[in-house]
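Asks: Would you mind keeping the following structure in view while I ask a few things?
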Amino acid sequence: MSGSSTVIGVFAFSCGVILLYRLAVLPAQVCLLLAIIPALLWFLPIRRMLPGSFRALVIGMALGIAWAFLWASDRLEHRLPEGLEGDRTQVSGYICDLPSVGSFNSIRFSFCVTRWYGLSLTPEAYDSLPTTLRLAWYGKPDLVLPDYRLRLDVVLKNPHGTLNPEGFRYEDWLFRKGYRATGSVRSAIPDPSVVCTPECQYHRLHARLADWVDSQFAEARHLALIASLLIGNRGHLSSEHWDVLKATGTIHLVAISGLHLGLVALGAGFAARRVLLAVSSTRLSERSVRVTVFAVVLVCSLLYALAAGFTVPTRRALIMVAVGSWYLLNAWQVPVWHSLVIALGAVLLFDPFAPLDQGFWLSFGAVSVLMCVFAGRLGGTGWLAGLFIAQVAVFAGLWPLLELVGQGQPVAGLLANILAIPWVSLVLMPVLLIGGIAVALFPALTGLIVPLMDALLDVLWRFLGGVANMSWPDLYGSTPEIIGFAILVLLIALVPIRTFQLVGVAIVATWVVAASFQERPDNPHLAEPEVRVWDVGQGLSAMLRAGDQVLLYDTGPEVEGVFSAAESVLIPNLKALGVARIDTLVISHADNDHSGGINQILEHFDVGHIVTGEPKAVRDKLKRAGAVSIVECGGEDELGGELALSFWRAKGELKGNDASCVLTARRGMEAEWVFPGDISSRVEAKYLRVSRNLSAKSQPRARVVIAPHHGSKTSSSKAWVDELKPDVVIYTAGYRHRYGHPHKDVTARYRSAGATAFNTACSGGLVLTLDNGTVKTIEARHSAPFWIGGPGLTRAECKIP
């Protein structure tokens, strides 16, 4: 097979691996057939009748799909038996990552299991038990575990997370990382009987290195940044760190990846070549010098990757550095794109789950942009101009990709990266690496080196903080505009024709100015009303759309600095639907599972006004007083000329659940939706007396009810269920939550009333529309990928009691 056919085959292999993750189910028979195709094309006489490039394309694609299928199916086979979920069990094993501080006074860590206790399983079922667990130990804020080899008493459950069309999916992250069960630790004791394999020894040594960094640099003001940049330990980074890094688009600076490994490779290669040429310019041939330099680069890069935890981004960067160095070693006269394709294939060969990682796409996207700009550039450039061109090109080139994955491109990131990257690359990282080695060899130098590191990090952090706090314009553009902007910027960098560049810059500047002053686009117009109930775990958030108007009922839960349904679910999904304005934001009451992330919603969307059952408590939650008008729940309104809205709150000095604002949305005689918040049975009785008088003469043909208080036994009384007689009831509860929602007595009442029941913990997000007078419900799980919604998986087993 020729060189070009090899590259085509490798590219096809990569496409095959990526293609598998677009499937909703794993087609076992199809993948078996695809595994046979390469053999047929290779050994049968028909192969001589086909062009080599075509054979490479078909064989590569088939092998890629088959390779990804083998790994994915093997990972899916490791799971908890249904009867083991929620029960206490004991496991032995070792810690296989650096513990980090979790929410609610906990420590979180990965645990590699070597033995399970007290299970009566067949050998086949035992072999299918999870080998890697993601655990939380509550009441352990000090990050101190009894040992690295432990016997744990744990309560486990299968992987589960919120499921919506867009936004962060915890279940994706768990599958990608190989965590086939999650749970909490009840107790732990050292277990020296655990045989420590080479992998176990590595994690033990890495933990010791992290402890050494923590103790040696304990006096540093920027210990969190030092630990992150030196050994990839991001466990010390606070929510303030993450806020600044996200606002400035510089998270990549604290993730050991291509930038850091590339610096190590360049430094090691430069030093090795200088030393070799100085030692002997006659004894060693140029080929020997190249091979030695390559070996030094590879060893140094590998050592740094191991010191940084050998994480997924680090392994990916190591492969790319190795492939790039190999091409430079051999000085191959081939297109530079060949090395990128080979690196892509190598990454997917060693890590078939890489396409599930956004960093994979952004890494190869950034490298592709840089290659496009500099490898195809018709003219040379100086280092300063090159640095500026590189940052502008990456900013523009990655913008369409960031929009595709549901992220914005912060304008602040352009200025931040133009100055931060050279500071980190040329000044900070050399000082950190050389200083770290110097402290290890000569501990007495700590008093001199730590202040120097702090001073350099002060410069970086003050700059990033200043950029993050600046007021930056929001650039609004359609997908074609963003793609056109990216292409034009890349052409300006590529084509050294001054007239073309001046005209291009003028067009880009004009568009940027126009986009900066452009008002947020209006909401899209819907022909028929639509109701969406988001899957936000143990909480509630729903959206009503009619015409071009939007009403958002509650914003879901939030754990400050850890999780926000507004950030991970609502904002990306609303933006994906083109929503720019929320006409009415209803906050039923101020409890955190209904009003979490309200400030983030106000930052990202124009909000007309807030309606709530607890005006004072909600106003106290706002960071900016007077940012939006707040009115007490009550009265009537309409949405988009399609839905009649009625707001009701029980009278009296009520707080918390019983102060919830009850929303009823109705479309003529066709359908009615009832959003009762968390009202208890005593407030339900008051609502029923009011609603009985209003709707006795006009019962809708279909009624949808959100179960009050997530299906708690203190709500959904018999009178409530019998009076409303809903056709559909929706429980917004967390999967296997400690409160046990929905309660079996409640579900029995709705079932006896003939209501069709949905639980967001099982169905994911729900879309409800009207079809000829009937309510049509679409569950997110039906379009979920195979590792979430496939036959036999967690969501198929999630049943309403």
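Residues are named by chain letter and number: chains run A, B, ... in the order of the structure tokens, numbers start at 1 in each chain, and ligands are numbered from 1 in the order shown.
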So that I can see what lies close to stretch 670-682 of chain A, please list as a PyMOL selection string the residues with an atom at most 8 Å from it, counting only C-alpha atoms and leaving out residues fewer than 5 positions away in the same chain.
Replies: chain A and resi 588-589+657-665+700-710+714-717+720+770+773-775
Asks: DSSP on the backbone, helix (DSSP H, G or I) only: what residues of stretch 87-232 of chain A does that give? Format it as a ChimeraX atom specification.
Replies: /A:123-127,170-177,198-216,223-231
Asks: Looking at A:Gly178, A:Pro443, A:Pro123, A:Gly86, which one is nearest to A:Leu156, with distances taken over only C-alpha atoms?
Replies: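 The closest residue to A:Leu156 is A:Gly86.
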Asks: Could you tell me which of A:His609, A:Lys651, A:Arg180, A:Arg234 comes closest to A:Gly634 if we count only C-alpha atoms?
Replies: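 The closest residue to A:Gly634 is A:Lys651.
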Asks: Near A:Leu152, counting only C-alpha atoms, which residues have an atom at most 6 Å away, once you skip same-chain residues fewer than 2 positions from it, shown as a PyMOL selection string?
Replies: chain A and resi 90-91+154+187-188
Asks: Which neighbours of A:Lys616 fall inside 10 Å, counting only C-alpha atoms, when residues of the same chain fewer than 5 positions from it are skipped, and could you give them as a ChimeraX atom specification?
Replies: /A:590,621,630-632
Asks: Would you output that residue set with C-alpha atoms, as a JSON list (two decimals), in the first residue's frame?
Replies:
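Wrote it out as result-v5.json, contents follow:
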```json
[["chain", "number", "residue", "atom", "x", "y", "z"],
["A", 590, "ALA", "CA", -36.92, 30.66, 46.72],
["A", 621, "LYS", "CA", -30.71, 36.27, 45.80],
["A", 630, "ILE", "CA", -40.13, 41.42, 40.56],
["A", 631, "VAL", "CA", -43.87, 41.07, 41.08],
["A", 632, "GLU", "CA", -45.79, 38.91, 43.51]]
```
Asks: What is the distance, in Å and to one decimal place, between atom CA of A:Thr760 and atom CA of A:Leu163?
Replies: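 That distance, rounded to one decimal, is 8.3 Å.
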Asks: With a distance cut-off of 12 Å and only C-alpha atoms, select the neighbouring residues of A:Arg624, excluding the residue or stretch itself and same-chain residues fewer than 2 positions from it, and output the selection as an NGL selection string.
Replies: :A and (598-600 or 602-603 or 618-622 or 626-629)
Asks: Mind writing the picked residues with C-alpha atoms as a PDB file, in the first residue's frame?
Replies:
```pdb
ATOM      1  CA  ILE A 598     -31.050  32.777  38.675  1.00  0.00           C
ATOM      2  CA  ASN A 599     -28.197  35.291  38.346  1.00  0.00           C
ATOM      3  CA  GLN A 600     -26.656  33.296  35.506  1.00  0.00           C
ATOM      4  CA  LEU A 602     -30.134  37.143  34.038  1.00  0.00           C
ATOM      5  CA  GLU A 603     -26.578  37.486  32.714  1.00  0.00           C
ATOM      6  CA  VAL A 618     -35.877  36.064  45.479  1.00  0.00           C
ATOM      7  CA  ARG A 619     -34.773  39.720  45.465  1.00  0.00           C
ATOM      8  CA  ASP A 620     -32.185  38.887  48.121  1.00  0.00           C
ATOM      9  CA  LYS A 621     -30.710  36.271  45.795  1.00  0.00           C
ATOM     10  CA  LEU A 622     -30.033  38.754  43.003  1.00  0.00           C
ATOM     11  CA  GLY A 626     -33.078  46.305  40.457  1.00  0.00           C
ATOM     12  CA  ALA A 627     -31.707  44.246  37.564  1.00  0.00           C
ATOM     13  CA  VAL A 628     -35.259  43.158  36.749  1.00  0.00           C
ATOM     14  CA  SER A 629     -38.697  43.955  38.091  1.00  0.00           C
TER      15      SER A 629
END
```
Asks: Between A:Gly556, A:Thr132, A:Met543, A:Val392, which has the minimum distance to A:Ala486 (counting only C-alpha atoms)?
Replies: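 So, comparing all the options, the nearest one is A:Val392.
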Asks: If we count only C-alpha atoms, what is near stretch 211-221 of chain A at a cut-off of 9 Å, once residues fewer than 6 positions away on the same chain are taken out, given as a VMD selection string?
Replies: chain A and resid 227 230 to 231 436 439 to 440 443 446 450 to 451 453 to 454 458
Asks: Could you name the residues that touch stretch 303-320 of chain A at 9 Å or less, counting only C-alpha atoms, but leaving out those on the same chain fewer than 5 positions away, as a VMD selection string?
Replies: chain A and resid 97 to 98 177 202 to 203 206 209 228 to 233 255 to 262 264 298 325 339 to 340 342 to 344 346 to 347 351 354 357 359 to 360 363
Asks: Stretch 435-561 of chain A: which residues are strand (DSSP E or B) by DSSP, as a PyMOL selection string?
Replies: chain A and resi 526-533+542-547+549-553+558-559
Asks: Those residues you just picked out, can you put them in a file as an mmCIF file, in the first residue's frame with N, CA and C atoms?
Replies:
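Result went into selection.cif, see below:
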```
data_model
loop_
_atom_site.group_PDB
_atom_site.id
_atom_site.type_symbol
_atom_site.label_atom_id
_atom_site.label_comp_id
_atom_site.auth_asym_id
_atom_site.auth_seq_id
_atom_site.Cartn_x
_atom_site.Cartn_y
_atom_site.Cartn_z
ATOM 1 N N LEU A 526 -42.920 30.293 16.834
ATOM 2 C CA LEU A 526 -43.445 28.931 16.773
ATOM 3 C C LEU A 526 -44.873 28.958 16.253
ATOM 4 N N ALA A 527 -45.181 28.022 15.361
ATOM 5 C CA ALA A 527 -46.539 27.941 14.837
ATOM 6 C C ALA A 527 -47.499 27.370 15.870
ATOM 7 N N GLU A 528 -47.017 26.464 16.724
ATOM 8 C CA GLU A 528 -47.835 25.829 17.748
ATOM 9 C C GLU A 528 -47.139 25.948 19.096
ATOM 10 N N PRO A 529 -47.908 26.094 20.178
ATOM 11 C CA PRO A 529 -47.291 26.177 21.509
ATOM 12 C C PRO A 529 -46.506 24.916 21.849
ATOM 13 N N GLU A 530 -45.542 25.091 22.726
ATOM 14 C CA GLU A 530 -44.671 23.972 23.105
ATOM 15 C C GLU A 530 -44.303 24.123 24.573
ATOM 16 N N VAL A 531 -44.263 22.988 25.278
ATOM 17 C CA VAL A 531 -43.836 22.970 26.674
ATOM 18 C C VAL A 531 -42.673 21.995 26.794
ATOM 19 N N ARG A 532 -41.599 22.442 27.432
ATOM 20 C CA ARG A 532 -40.440 21.586 27.663
ATOM 21 C C ARG A 532 -40.186 21.506 29.170
ATOM 22 N N VAL A 533 -40.064 20.287 29.644
ATOM 23 C CA VAL A 533 -39.703 20.056 31.045
ATOM 24 C C VAL A 533 -38.285 19.530 31.040
ATOM 25 N N ALA A 542 -39.010 24.302 33.742
ATOM 26 C CA ALA A 542 -39.796 24.027 32.545
ATOM 27 C C ALA A 542 -39.920 25.313 31.737
ATOM 28 N N MET A 543 -40.156 25.154 30.443
ATOM 29 C CA MET A 543 -40.278 26.312 29.560
ATOM 30 C C MET A 543 -41.545 26.193 28.737
ATOM 31 N N LEU A 544 -42.263 27.297 28.617
ATOM 32 C CA LEU A 544 -43.436 27.385 27.747
ATOM 33 C C LEU A 544 -43.113 28.373 26.633
ATOM 34 N N ARG A 545 -43.391 27.966 25.392
ATOM 35 C CA ARG A 545 -43.181 28.856 24.254
ATOM 36 C C ARG A 545 -44.466 28.930 23.443
ATOM 37 N N ALA A 546 -44.823 30.133 23.052
ATOM 38 C CA ALA A 546 -45.969 30.346 22.177
ATOM 39 C C ALA A 546 -45.675 31.582 21.344
ATOM 40 N N GLY A 547 -45.876 31.495 20.046
ATOM 41 C CA GLY A 547 -45.478 32.593 19.174
ATOM 42 C C GLY A 547 -43.986 32.829 19.303
ATOM 43 N N GLN A 549 -42.833 34.319 22.181
ATOM 44 C CA GLN A 549 -42.673 34.615 23.597
ATOM 45 C C GLN A 549 -42.311 33.363 24.388
ATOM 46 N N VAL A 550 -41.549 33.577 25.467
ATOM 47 C CA VAL A 550 -41.019 32.477 26.273
ATOM 48 C C VAL A 550 -41.314 32.739 27.742
ATOM 49 N N LEU A 551 -41.774 31.717 28.426
ATOM 50 C CA LEU A 551 -41.929 31.747 29.879
ATOM 51 C C LEU A 551 -41.098 30.614 30.447
ATOM 52 N N LEU A 552 -40.250 30.931 31.407
ATOM 53 C CA LEU A 552 -39.427 29.919 32.081
ATOM 54 C C LEU A 552 -39.938 29.766 33.512
ATOM 55 N N TYR A 553 -40.337 28.549 33.854
ATOM 56 C CA TYR A 553 -40.844 28.277 35.197
ATOM 57 C C TYR A 553 -39.764 27.577 36.000
ATOM 58 N N GLU A 558 -28.885 24.366 42.306
ATOM 59 C CA GLU A 558 -27.520 24.879 42.199
ATOM 60 C C GLU A 558 -26.764 24.565 43.494
ATOM 61 N N VAL A 559 -25.533 24.083 43.334
ATOM 62 C CA VAL A 559 -24.590 23.981 44.441
ATOM 63 C C VAL A 559 -23.457 24.928 44.090
#
```
Asks: Rounded to one decimal, what separation in Å do you get between atom CA of A:Leu329 and atom CA of A:Arg290?
Replies: 5.7 Å
